[in-house]
$ cat entry_18.txt   # compact mmCIF, C-alpha atoms
# COMPACT_ATOMS: atom_id res chain seq x y z
CA MET A 1 115.59 112.36 100.47
CA ARG A 2 115.40 111.99 96.74
CA PHE A 3 116.49 108.79 95.10
CA ARG A 4 117.13 108.29 91.42
CA PHE A 5 115.81 104.77 91.39
CA CYS A 6 112.51 106.04 92.79
CA GLY A 7 112.29 108.58 90.00
CA ASP A 8 113.74 111.45 92.03
CA LEU A 9 111.08 111.03 94.69
CA ASP A 10 111.15 109.80 98.27
CA CYS A 11 111.63 106.12 98.84
CA PRO A 12 108.36 104.47 100.01
CA ASP A 13 108.26 103.51 103.68
CA TRP A 14 107.61 99.84 103.03
CA VAL A 15 110.77 99.58 100.91
CA LEU A 16 112.81 100.99 103.78
CA ALA A 17 111.25 98.50 106.17
CA GLU A 18 111.82 95.49 103.93
CA ILE A 19 115.45 96.37 103.16
CA SER A 20 116.21 95.43 106.74
CA THR A 21 114.46 92.07 106.10
CA LEU A 22 116.72 91.54 103.09
CA ALA A 23 119.80 92.17 105.20
CA LYS A 24 118.92 89.12 107.30
CA ILE A 25 119.89 86.58 104.63
CA SER A 26 123.47 86.13 103.45
CA SER A 27 124.57 88.05 100.38
CA VAL A 28 125.09 84.87 98.36
CA LYS A 29 121.53 83.75 99.02
CA MET A 30 120.30 87.22 98.21
CA LYS A 31 122.05 87.13 94.85
CA LEU A 32 120.29 83.84 94.05
CA LEU A 33 116.99 85.35 95.17
CA CYS A 34 117.69 88.29 92.84
CA ALA A 35 118.26 85.90 89.97
CA GLN A 36 114.85 84.31 90.60
CA VAL A 37 113.09 87.68 90.78
CA LEU A 38 114.80 88.77 87.55
CA LYS A 39 113.59 85.62 85.86
CA ASP A 40 110.06 86.45 86.96
CA LEU A 41 110.31 90.05 85.73
CA LEU A 42 111.56 88.79 82.36
CA GLY A 43 108.51 86.58 82.14
CA GLU A 44 110.33 83.28 82.52
CA GLY A 45 108.38 82.17 85.59
CA ILE A 46 109.46 81.95 89.20
CA ASP A 47 110.41 78.84 91.17
CA TYR A 48 108.84 79.22 94.60
CA GLN A 49 110.35 75.98 95.86
CA LYS A 50 113.87 77.34 95.36
CA ILE A 51 112.95 80.56 97.06
CA THR A 52 111.53 78.81 100.12
CA LYS A 53 114.72 76.74 100.32
CA LEU A 54 116.87 79.87 100.14
CA THR A 55 114.93 81.70 102.81
CA SER A 56 114.35 78.77 105.16
CA ASP A 57 117.78 79.17 106.81
CA ALA A 58 117.04 82.67 107.92
CA LYS A 59 113.67 81.39 109.19
CA PHE A 60 111.59 83.70 107.02
CA GLU A 61 107.88 83.44 107.51
CA ILE A 62 105.58 83.44 104.50
CA GLY A 63 105.02 87.20 104.99
CA ASP A 64 108.77 87.89 104.95
CA VAL A 65 109.24 85.82 101.78
CA LYS A 66 106.50 87.76 100.01
CA ALA A 67 107.93 91.05 101.25
CA SER A 68 111.47 90.29 100.06
CA ILE A 69 110.22 89.24 96.60
CA ALA A 70 108.12 92.42 96.44
CA VAL A 71 110.95 94.74 97.46
CA LEU A 72 113.41 93.15 95.02
CA SER A 73 110.86 93.41 92.18
CA PHE A 74 110.28 97.05 93.06
CA ILE A 75 113.98 97.97 93.20
CA LEU A 76 114.93 96.13 90.00
CA SER A 77 111.98 97.22 87.86
CA ASN A 78 112.18 100.84 89.01
CA ALA A 79 115.92 100.99 88.43
CA ALA A 80 115.36 99.73 84.87
CA LYS A 81 112.43 102.11 84.43
CA HIS A 82 114.48 105.19 85.33
CA ASN A 83 117.61 103.93 83.59
CA VAL A 84 119.79 103.97 86.70
CA ASP A 85 123.28 102.52 86.27
CA GLY A 86 124.63 99.87 88.65
CA GLU A 87 127.02 102.19 90.52
CA SER A 88 124.37 104.77 91.50
CA LEU A 89 121.91 102.02 92.42
CA SER A 90 124.49 100.43 94.70
CA SER A 91 125.34 103.68 96.47
CA GLU A 92 121.65 104.60 96.90
CA LEU A 93 120.81 101.17 98.35
CA GLN A 94 123.73 101.47 100.77
CA GLN A 95 122.38 104.86 101.83
CA LEU A 96 119.08 103.14 102.61
CA GLY A 97 120.82 100.66 104.86
CA LEU A 98 121.49 97.63 102.68
CA PRO A 99 124.90 96.11 103.59
CA LYS A 100 127.70 96.61 101.05
CA GLU A 101 128.03 93.00 99.87
CA HIS A 102 124.28 92.70 99.35
CA ALA A 103 124.18 95.95 97.38
CA THR A 104 127.12 94.98 95.17
CA GLY A 105 125.63 91.54 94.53
CA LEU A 106 122.25 93.00 93.63
CA CYS A 107 123.76 95.59 91.30
CA LYS A 108 125.92 93.04 89.53
CA SER A 109 122.82 90.91 88.75
CA TYR A 110 120.98 94.07 87.73
CA GLU A 111 123.70 95.25 85.36
CA ASP A 112 123.85 91.89 83.63
CA LYS A 113 120.16 91.96 82.86
CA GLN A 114 119.52 95.67 82.58
CA THR A 115 119.11 95.79 78.79
CA ALA A 116 116.95 92.67 78.70
CA LEU A 117 114.78 94.07 81.48
CA GLN A 118 114.36 97.39 79.71
CA GLU A 119 113.41 95.59 76.49
CA LYS A 120 110.79 93.57 78.33
CA LEU A 121 109.38 96.69 80.00
CA LYS A 122 109.19 98.39 76.61
CA ASP A 123 107.18 95.45 75.26
CA CYS A 124 104.78 95.64 78.17
CA SER A 125 104.15 99.34 77.61
CA LEU A 126 100.68 100.47 76.81
CA ARG A 127 99.74 99.72 73.23
CA LEU A 128 96.36 100.13 71.66
CA ASN A 129 95.10 97.52 69.24
CA LYS A 130 97.78 96.44 66.75
CA LEU A 131 97.56 95.77 63.05
CA ASP A 132 98.37 92.14 62.56
CA SER A 133 98.10 91.64 58.80
CA VAL A 134 96.56 93.07 55.65
CA SER A 135 95.06 91.12 52.78
CA TRP A 136 93.74 92.58 49.57
CA ARG A 137 92.12 91.64 46.29
CA VAL A 138 91.64 93.65 43.10
CA ASP A 139 88.37 93.10 41.27
CA TYR A 140 87.09 94.49 38.03
CA THR A 141 83.41 95.34 37.93
CA LEU A 142 81.96 94.60 34.52
CA SER A 143 78.36 95.56 34.98
CA SER A 144 75.76 96.23 37.65
CA SER A 145 72.00 96.51 38.06
CA GLU A 146 72.29 100.30 37.73
CA LEU A 147 74.54 100.56 34.70
CA LYS A 148 75.16 98.05 31.92
CA GLU A 149 78.84 98.77 31.32
CA VAL A 150 80.77 99.76 34.45
CA ASN A 151 84.32 98.54 33.68
CA GLU A 152 85.93 99.84 36.87
CA PRO A 153 88.61 98.30 39.09
CA LEU A 154 87.75 97.86 42.78
CA ILE A 155 89.95 96.90 45.70
CA HIS A 156 88.83 94.85 48.69
CA ILE A 157 91.05 95.29 51.72
CA LYS A 158 90.90 93.34 54.96
CA PHE A 159 92.77 94.65 58.02
CA ASN A 160 93.29 92.06 60.74
CA ILE A 161 93.52 93.90 64.05
CA ARG A 162 94.77 92.15 67.15
CA ASN A 163 92.95 93.20 70.29
CA VAL A 164 95.52 93.73 73.06
CA ASP A 165 93.09 92.73 75.83
CA THR A 166 91.61 89.52 74.44
CA GLY A 167 94.37 88.59 72.00
CA LYS A 168 91.76 87.82 69.35
CA LEU A 169 91.98 88.85 65.74
CA GLU A 170 89.26 91.24 64.57
CA PRO A 171 88.84 91.71 60.80
CA THR A 172 87.78 94.99 59.26
CA VAL A 173 86.78 94.76 55.61
CA MET A 174 86.26 97.56 53.14
CA SER A 175 86.11 98.14 49.43
CA VAL A 176 87.90 101.12 47.92
CA SER A 177 87.59 102.63 44.45
CA ALA A 178 90.75 103.28 42.41
CA ASP A 179 90.88 107.05 43.00
CA LYS A 180 90.26 106.85 46.73
CA PHE A 181 92.88 104.15 46.94
CA ARG A 182 95.47 106.34 45.23
CA VAL A 183 94.80 109.09 47.76
CA LEU A 184 95.10 106.62 50.63
CA LEU A 185 98.38 105.30 49.26
CA THR A 186 99.91 108.77 48.81
CA GLU A 187 99.02 109.83 52.33
CA LEU A 188 100.37 106.60 53.82
CA ARG A 189 103.59 107.01 51.82
CA GLN A 190 104.01 110.52 53.24
CA ALA A 191 103.50 109.21 56.76
CA GLN A 192 106.04 106.46 56.12
CA ALA A 193 108.61 108.98 54.85
CA MET A 194 108.11 110.99 58.03
CA MET A 195 108.55 107.89 60.21
CA ASN A 196 111.70 106.93 58.35
CA SER A 197 113.18 110.39 58.80
CA LEU A 198 112.77 110.03 62.55
CA ASN A 199 114.22 106.57 62.84
CA MET B 200 61.57 95.42 116.85
CA LEU B 201 59.48 92.34 116.37
CA LEU B 202 59.45 90.10 113.34
CA VAL B 203 56.01 89.85 111.81
CA LEU B 204 55.53 86.39 110.34
CA SER B 205 52.91 85.78 107.68
CA ASP B 206 50.28 83.11 108.24
CA GLU B 207 51.71 80.96 105.49
CA HIS B 208 55.11 81.16 107.14
CA LYS B 209 53.60 80.19 110.51
CA GLU B 210 51.90 77.26 108.86
CA HIS B 211 55.16 76.06 107.36
CA LEU B 212 56.93 76.36 110.65
CA GLY B 213 54.02 74.64 112.41
CA PHE B 214 55.37 71.36 111.04
CA LEU B 215 58.31 71.69 113.41
CA THR B 216 56.09 71.23 116.48
CA ARG B 217 55.07 67.79 115.28
CA VAL B 218 58.61 66.37 115.34
CA ASP B 219 61.30 65.84 118.01
CA SER B 220 63.61 68.62 119.03
CA SER B 221 66.56 66.61 117.73
CA VAL B 222 64.95 66.62 114.30
CA VAL B 223 64.39 70.37 114.59
CA GLY B 224 68.06 70.74 115.46
CA GLU B 225 68.93 68.72 112.38
CA PHE B 226 66.66 70.86 110.23
CA GLY B 227 68.28 73.95 111.66
CA ARG B 228 71.70 72.63 110.69
CA ILE B 229 70.44 71.79 107.19
CA ALA B 230 68.93 75.29 106.88
CA VAL B 231 72.27 76.91 107.72
CA GLU B 232 74.09 74.61 105.27
CA PHE B 233 71.67 75.58 102.54
CA LEU B 234 72.20 79.26 103.30
CA LYS B 235 75.91 78.79 102.93
CA LYS B 236 76.06 76.50 99.94
CA GLY B 237 72.70 76.45 98.21
CA SER B 238 69.83 74.00 98.58
CA ASN B 239 69.92 70.31 97.78
CA PRO B 240 66.44 68.86 97.11
CA LYS B 241 67.55 65.24 97.66
CA ILE B 242 67.86 65.85 101.37
CA TYR B 243 64.15 66.70 101.51
CA GLU B 244 63.26 63.31 100.02
CA GLY B 245 65.41 61.39 102.52
CA ALA B 246 64.03 63.29 105.50
CA ALA B 247 60.43 62.97 104.25
CA ARG B 248 60.76 59.18 104.01
CA LYS B 249 62.22 58.90 107.49
CA LEU B 250 59.56 61.09 109.08
CA ASN B 251 56.69 59.70 107.03
CA VAL B 252 55.52 63.06 105.68
CA SER B 253 55.49 64.59 102.20
CA ALA B 254 58.70 66.04 100.83
CA GLU B 255 56.91 69.33 100.32
CA THR B 256 56.16 69.64 104.05
CA VAL B 257 59.82 69.06 104.86
CA GLN B 258 60.83 71.60 102.24
CA HIS B 259 58.46 74.20 103.63
CA GLY B 260 59.73 73.55 107.13
CA VAL B 261 63.37 73.99 106.20
CA GLU B 262 62.70 77.00 104.00
CA GLY B 263 60.61 78.53 106.76
CA LEU B 264 63.56 78.16 109.11
CA MET B 265 65.92 79.67 106.52
CA TYR B 266 63.65 82.68 106.07
CA LEU B 267 63.28 83.14 109.83
CA LEU B 268 67.07 83.12 110.24
CA THR B 269 67.78 85.48 107.33
CA GLU B 270 65.14 87.99 108.37
CA SER B 271 66.34 88.02 111.98
CA SER B 272 69.99 88.32 110.95
CA LYS B 273 69.18 91.02 108.39
CA LEU B 274 67.39 93.17 110.94
CA MET B 275 69.89 92.24 113.66
CA ILE B 276 67.10 91.86 116.23
CA SER B 277 67.99 91.37 119.88
CA GLU B 278 67.51 88.11 121.79
CA VAL B 279 64.43 89.41 123.57
CA ASP B 280 62.78 90.50 120.31
CA PHE B 281 63.60 87.19 118.67
CA GLN B 282 62.08 85.27 121.57
CA ASP B 283 58.96 87.43 121.50
CA SER B 284 58.56 86.99 117.73
CA VAL B 285 58.95 83.23 118.04
CA LEU B 286 56.45 83.11 120.93
CA THR B 287 53.68 84.04 118.49
CA LEU B 288 54.27 80.72 116.74
CA GLY B 289 53.11 78.86 119.83
CA PHE B 290 56.06 76.49 120.04
CA PRO B 291 57.09 74.68 123.21
CA GLU B 292 59.72 76.37 125.41
CA GLU B 293 62.65 74.11 124.46
CA LEU B 294 61.96 74.67 120.76
CA ASN B 295 62.12 78.40 121.29
CA ALA B 296 65.42 78.06 123.13
CA LEU B 297 66.74 75.88 120.30
CA LEU B 298 65.76 78.42 117.66
CA LEU B 299 67.33 81.20 119.70
CA GLN B 300 70.61 79.28 119.89
CA LEU B 301 70.49 78.63 116.16
CA TYR B 302 69.96 82.31 115.50
CA LEU B 303 72.69 83.61 117.80
CA GLY B 304 75.23 81.04 116.71
CA ASN B 305 74.88 81.67 112.99
CA ARG B 306 73.98 85.34 112.92
CA LYS B 307 77.45 86.63 112.05
CA GLU B 308 77.98 84.18 109.24
CA ILE B 309 74.55 84.80 107.73
CA ARG B 310 75.23 88.53 107.81
CA ASN B 311 78.49 87.96 105.95
CA ILE B 312 76.66 86.03 103.26
CA LEU B 313 73.98 88.72 102.98
CA LYS B 314 76.67 91.38 102.66
CA GLU B 315 77.77 89.90 99.35
CA LEU B 316 74.33 90.28 97.82
CA SER B 317 74.47 94.06 97.51
CA PRO B 318 75.00 95.57 94.01
CA SER B 319 78.51 96.67 93.22
CA LEU B 320 79.91 99.36 91.00
CA PRO B 321 83.00 98.87 88.85
CA ARG B 322 86.14 99.14 90.94
CA TYR B 323 89.57 100.44 90.08
CA HIS B 324 91.98 97.68 89.10
CA ASN B 325 94.93 99.25 87.26
CA LEU B 326 95.93 102.36 85.31
CA GLU B 327 98.43 102.23 82.45
CA TRP B 328 99.60 105.40 80.80
CA ARG B 329 101.76 106.55 77.93
CA LEU B 330 103.10 109.95 76.94
CA ASP B 331 103.17 110.56 73.18
CA VAL B 332 104.05 113.53 71.04
CA GLN B 333 102.06 114.06 67.88
CA LEU B 334 104.42 115.32 65.17
CA ALA B 335 102.14 115.44 62.18
CA ASN B 336 98.76 114.39 60.93
CA ARG B 337 97.17 114.37 57.51
CA ALA B 338 96.05 117.99 57.75
CA LEU B 339 99.08 119.61 59.36
CA ARG B 340 102.80 118.80 59.43
CA GLN B 341 105.53 120.08 61.74
CA GLN B 342 103.51 120.02 64.94
CA ILE B 343 104.55 119.32 68.50
CA LYS B 344 101.54 118.22 70.50
CA PRO B 345 102.03 116.21 73.70
CA VAL B 346 99.23 113.74 74.45
CA MET B 347 98.69 111.40 77.41
CA ILE B 348 96.97 108.10 76.68
CA LEU B 349 95.46 106.39 79.73
CA LYS B 350 94.05 102.90 79.99
CA LEU B 351 91.83 102.47 83.03
CA HIS B 352 91.25 98.83 84.00
CA LEU B 353 88.04 98.26 85.94
CA ASP B 354 86.73 95.18 87.72
CA GLN B 355 83.05 94.55 88.41
CA ASN B 356 82.17 91.34 90.23
CA GLY B 357 84.98 89.57 88.46
CA ASP B 358 84.29 90.96 84.97
CA LYS B 359 87.18 93.02 83.76
CA ASN B 360 86.85 95.76 81.23
CA SER B 361 89.03 98.68 80.30
CA LYS B 362 88.47 102.21 79.09
CA ILE B 363 90.92 104.09 76.92
CA LEU B 364 91.16 107.82 77.54
CA GLN B 365 93.22 110.62 76.13
CA THR B 366 94.15 113.96 77.62
CA ASP B 367 96.50 116.88 77.11
CA PRO B 368 98.94 117.83 79.88
CA ALA B 369 96.95 120.83 81.12
CA THR B 370 93.82 118.71 81.74
CA LEU B 371 95.97 116.05 83.38
CA ILE B 372 97.38 118.59 85.83
CA HIS B 373 93.83 119.72 86.57
CA ILE B 374 92.75 116.10 87.22
CA ILE B 375 95.69 115.55 89.57
CA HIS B 376 94.87 118.76 91.39
CA GLN B 377 91.22 117.77 91.86
CA LEU B 378 92.14 114.28 93.10
CA GLU B 379 94.62 115.75 95.58
CA LYS B 380 91.92 118.06 96.85
CA ALA B 381 89.62 115.06 97.29
CA LEU B 382 92.28 113.28 99.34
CA GLU B 383 92.80 116.35 101.48
CA GLU B 384 89.08 116.38 102.21
CA MET B 385 89.69 113.36 104.46
CA LYS B 386 91.80 115.54 106.72
CA THR B 387 89.11 118.16 107.39
CA SER B 388 87.52 118.21 110.84
CA HIS B 389 84.10 117.26 109.41
CA CYS B 390 85.37 114.01 107.89
CA ARG B 391 87.52 113.25 110.92
CA ARG B 392 84.51 113.56 113.21
CA ILE B 393 82.50 111.10 111.11
CA VAL B 394 85.35 108.60 110.84
CA ARG B 395 85.90 108.70 114.59
CA ASN B 396 82.22 108.00 115.21
CA ILE B 397 82.10 105.07 112.79
CA LYS B 398 85.09 103.44 114.47
$ encode --input "entry_18.txt" --output "structure tokens"
Amino acid sequence: MRFRFCGDLDCPDWVLAEISTLAKISSVKMKLLCAQVLKDLLGEGIDYQKITKLTSDAKFEIGDVKASIAVLSFILSNAAKHNVDGESLSSELQQLGLPKEHATGLCKSYEDKQTALQEKLKDCSLRLNKLDSVSWRVDYTLSSSELKEVNEPLIHIKFNIRNVDTGKLEPTVMSVSADKFRVLLTELRQAQAMMNSLN
Amino acid sequence: MLLVLSDEHKEHLGFLTRVDSSVVGEFGRIAVEFLKKGSNPKIYEGAARKLNVSAETVQHGVEGLMYLLTESSKLMISEVDFQDSVLTLGFPEELNALLLQLYLGNRKEIRNILKELSPSLPRYHNLEWRLDVQLANRALRQQIKPVMILKLHLDQNGDKNSKILQTDPATLIHIIHQLEKALEEMKTSHCRRIVRNIK
């Protein structure tokens, strides 16, 4: 069976198994659990105390608590990943055996935060090292050991690159002569025009 | 198979015959503690003062015991072989029985500790990917070139590093095909026979 929220593939077996675990708590509690998981996915941190309180009534063991958090994370992040709307998500979850009130509750929370979730996922996407800032200085060389009168402008450029893994700033310094710099500038302007035309 | 103990080792262990069996038991316990958590030279001083011998003798005795235990556990020698190897030391009967108990009781744990000493290769941790389309570069405009960028996160003994790779879709399909063939290899009768025999 193909499901849109699984990217048009089969639903993993463990998700099917844990959906029945989710059905054990009331739909109100499940909606609160959803809210906590959404907060975690958006990077705002998760309050495990609240979660243990919510699940204690249904006598969830530690394994069940972990499983329900995992299955909710999976459903919500995959639905955002494949851009599934709330209605389809609800009907697919009901097909998998989640009771109607639970499914509607889950999808309501999902729809509220769908855009925010997709934004966050876009930020987490793979990026190579980013350019953080550029600083430059124009010098004028008067003379050198090779030639008495040089009289040429020279540009020093420093690119500060932020390493995505370590978060540290790595500087790259170079000096460019006037002609080379004009070429660099023209090419970059052409690239910028192309980027603007696509935007 | 029998353990062959060097003369120096026998000399170090010879110290154990000159003390009570309770002290030997204590030394055995200290030896196991040191194997688990690392040695603590202060204990040698305290024991040396109590027994009226040099700290070095105590140290040799304990280290001799540690070596005896690690070698026996490493080779996983049987009770009979252990007893025969220890007989060559010329210890009294109760001491031999004590050493045998020490060996059998701690063998499993010592083997677990020794397991962690083997060299390890980098292990798979995570794979991030991104699908890009190259529209233009400095040399050629109006292109459409799909490119996959992969970031392979590896973990070696706790050190994380990552490798950035790039591939075109045709190579990616080839990689997937090869990896699927590798997985299918587990289902052949040859592999199944080996797995059954290991279990």
$ closest_residue --input "entry_18.txt" --among "A:Leu185, A:Met174, A:Arg127, A:Asn160" --to "chain B" --atoms "only C-alpha atoms"
A:Arg127
$ closest_atom_pairs --input "entry_18.txt" --of "chain B" --to "chain A" --cutoff "7 Å" --atoms "all atoms listed in the file" --output "JSON lines"
{"residue": "B:Glu327", "atom": "CA", "partner": "A:Leu126", "partner_atom": "CA", "distance": 6.3}
{"residue": "B:Trp328", "atom": "CA", "partner": "A:Leu126", "partner_atom": "CA", "distance": 6.4}
{"residue": "B:Arg329", "atom": "CA", "partner": "A:Leu126", "partner_atom": "CA", "distance": 6.3}
$ write_last_selection --input "entry_18.txt" --atoms "C-alpha atoms" --output "short mmCIF file (atom, residue, chain, number, x, y, z; two decimals), in the frame of the given file"
data_model
loop_
_atom_site.label_atom_id
_atom_site.label_comp_id
_atom_site.auth_asym_id
_atom_site.auth_seq_id
_atom_site.Cartn_x
_atom_site.Cartn_y
_atom_site.Cartn_z
CA GLU B 327 98.43 102.23 82.45
CA TRP B 328 99.60 105.40 80.80
CA ARG B 329 101.76 106.55 77.93
#
$ residues_around --input "entry_18.txt" --residues "region 251-267 of chain B" --least-positions-apart "4" --cutoff "7 Å" --atoms "only C-alpha atoms" --output "PyMOL selection string"
chain B and resi 208+211-212+214-215+226-227+230+243-244+247+271
$ closest_residue --input "entry_18.txt" --among "A:Ser197, A:Ser88, A:Gln49, A:Ser26" --to "Phe3 (chain A)" --atoms "all atoms listed in the file"
A:Ser88
$ atom_distance --input "entry_18.txt" --atom1 "CA of Val285 (chain B)" --atom2 "CA of Leu297 (chain B)"
10.9 Å
$ atom_distance --input "entry_18.txt" --atom1 "CA of His376 (chain B)" --atom2 "CA of Lys362 (chain B)"
21.6 Å
$ residues_around --input "entry_18.txt" --residues "Ala369 (chain B)" --least-positions-apart "6" --cutoff "12 Å" --atoms "all atoms listed in the file" --output "list of chain:residue names"
B:Lys344, B:Pro345, B:Val346, B:Met347, B:Ile375, B:His376
$ closest_residue --input "entry_18.txt" --among "B:Gly289, B:Arg228, B:Val332, B:Lys273" --to "Leu316 (chain B)" --atoms "all atoms listed in the file"
B:Lys273
$ closest_residue --input "entry_18.txt" --among "B:Asp367, B:Glu379, B:Asp283, B:Glu207" --to "Gln333 (chain B)" --atoms "all atoms listed in the file"
B:Asp367
